[in-house]
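With TSV, C-alpha atoms inside, this is start_39.tsv:
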```tsv
chain	number	residue	atom	x	y	z
A	1	MET	CA	-29.58	10.51	13.16
A	2	LEU	CA	-31.01	11.78	9.90
A	3	SER	CA	-30.50	15.41	10.90
A	4	ALA	CA	-26.81	14.75	11.70
A	5	PHE	CA	-26.36	13.06	8.32
A	6	LEU	CA	-28.04	15.91	6.44
A	7	LEU	CA	-26.07	18.54	8.35
A	8	GLY	CA	-22.81	16.78	7.47
A	9	LEU	CA	-23.86	16.32	3.86
A	10	PHE	CA	-24.84	19.95	3.28
A	11	GLY	CA	-21.96	21.31	5.34
A	12	SER	CA	-19.47	19.39	3.24
A	13	VAL	CA	-20.50	21.25	0.08
A	14	GLY	CA	-19.07	24.53	1.35
A	15	HIS	CA	-15.97	22.81	2.70
A	16	CYS	CA	-15.21	20.99	-0.54
A	17	THR	CA	-15.84	24.11	-2.61
A	18	GLY	CA	-13.44	26.15	-0.53
A	19	MET	CA	-10.71	23.55	-0.16
A	20	CYS	CA	-10.71	21.80	-3.52
A	21	SER	CA	-12.05	24.23	-6.10
A	22	GLY	CA	-8.59	25.63	-6.91
A	23	VAL	CA	-7.17	22.14	-7.45
A	24	ALA	CA	-10.15	21.12	-9.57
A	25	LEU	CA	-9.91	24.26	-11.70
A	26	LEU	CA	-6.18	23.76	-12.24
A	27	LEU	CA	-6.55	20.13	-13.24
A	28	GLY	CA	-9.59	20.86	-15.43
A	29	ARG	CA	-7.74	23.22	-17.77
A	30	THR	CA	-6.79	21.83	-21.16
A	31	SER	CA	-3.14	22.64	-20.48
A	32	GLY	CA	-3.47	21.59	-16.83
A	33	ALA	CA	-0.94	19.73	-14.75
A	34	HIS	CA	0.20	16.32	-16.00
A	35	GLY	CA	2.59	13.67	-14.74
A	36	TRP	CA	4.97	14.85	-12.04
A	37	ARG	CA	3.22	18.19	-11.77
A	38	VAL	CA	0.08	16.44	-10.49
A	39	ILE	CA	2.10	14.48	-7.93
A	40	LEU	CA	3.86	17.65	-6.73
A	41	LEU	CA	0.53	19.48	-6.59
A	42	HIS	CA	-1.02	16.82	-4.37
A	43	LEU	CA	2.09	16.51	-2.19
A	44	GLY	CA	2.03	20.26	-1.61
A	45	ARG	CA	-1.68	20.18	-0.81
A	46	ILE	CA	-1.35	17.27	1.61
A	47	THR	CA	1.72	18.80	3.28
A	48	THR	CA	-0.04	22.13	3.73
A	49	TYR	CA	-3.18	20.55	5.21
A	50	GLY	CA	-1.02	18.38	7.49
A	51	ALA	CA	0.98	21.38	8.70
A	52	LEU	CA	-2.21	23.36	9.38
A	53	GLY	CA	-3.60	20.40	11.31
A	54	LEU	CA	-0.38	20.17	13.31
A	55	VAL	CA	-0.58	23.86	14.21
A	56	ALA	CA	-4.26	23.56	15.19
A	57	GLY	CA	-3.57	20.43	17.24
A	58	GLY	CA	-0.64	22.08	18.98
A	59	PHE	CA	-2.79	25.08	19.80
A	60	GLY	CA	-5.53	22.84	21.19
A	61	HIS	CA	-3.02	20.85	23.22
A	62	ALA	CA	-1.55	24.06	24.67
A	63	LEU	CA	-5.03	25.26	25.65
A	64	ALA	CA	-5.85	21.91	27.25
A	65	SER	CA	-2.58	21.92	29.18
A	66	MET	CA	-3.25	25.40	30.57
A	67	GLY	CA	-6.64	24.46	31.97
```
Turn the structure described in the file into structure tokens.
Amino acid sequence: MLSAFLLGLFGSVGHCTGMCSGVALLLGRTSGAHGWRVILLHLGRITTYGALGLVAGGFGHALASMG
């Protein structure tokens, strides 16, 4: 159980760096996004991740249906 926890913990570092570093850098600037720009930024991020998940799920479903 400990090895699974540590694998997830250390694996998440690379995932978070790759997926969130651009958002963190944008929001960390002194003239970064404020107000509606932050909401639009997060809506775009969530929509993109949702669409990618939909494509991956559709691909997996198609593979499962073939076999």
Checklist line | Residue contacts of region 42-55 of chain A (12 Å, all atoms listed in the file) excluding same-chain residues fewer than 2 positions away, as an NGL selection string | finding: :A and (19-20 or 22-24 or 26-27 or 33-40 or 57-62)
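CA of Gly28 (chain A) sits 24.2 Å away from CA of Phe10 (chain A).
Put simply, CA of Cys16 (chain A) is 16.9 Å away from CA of Leu41 (chain A).
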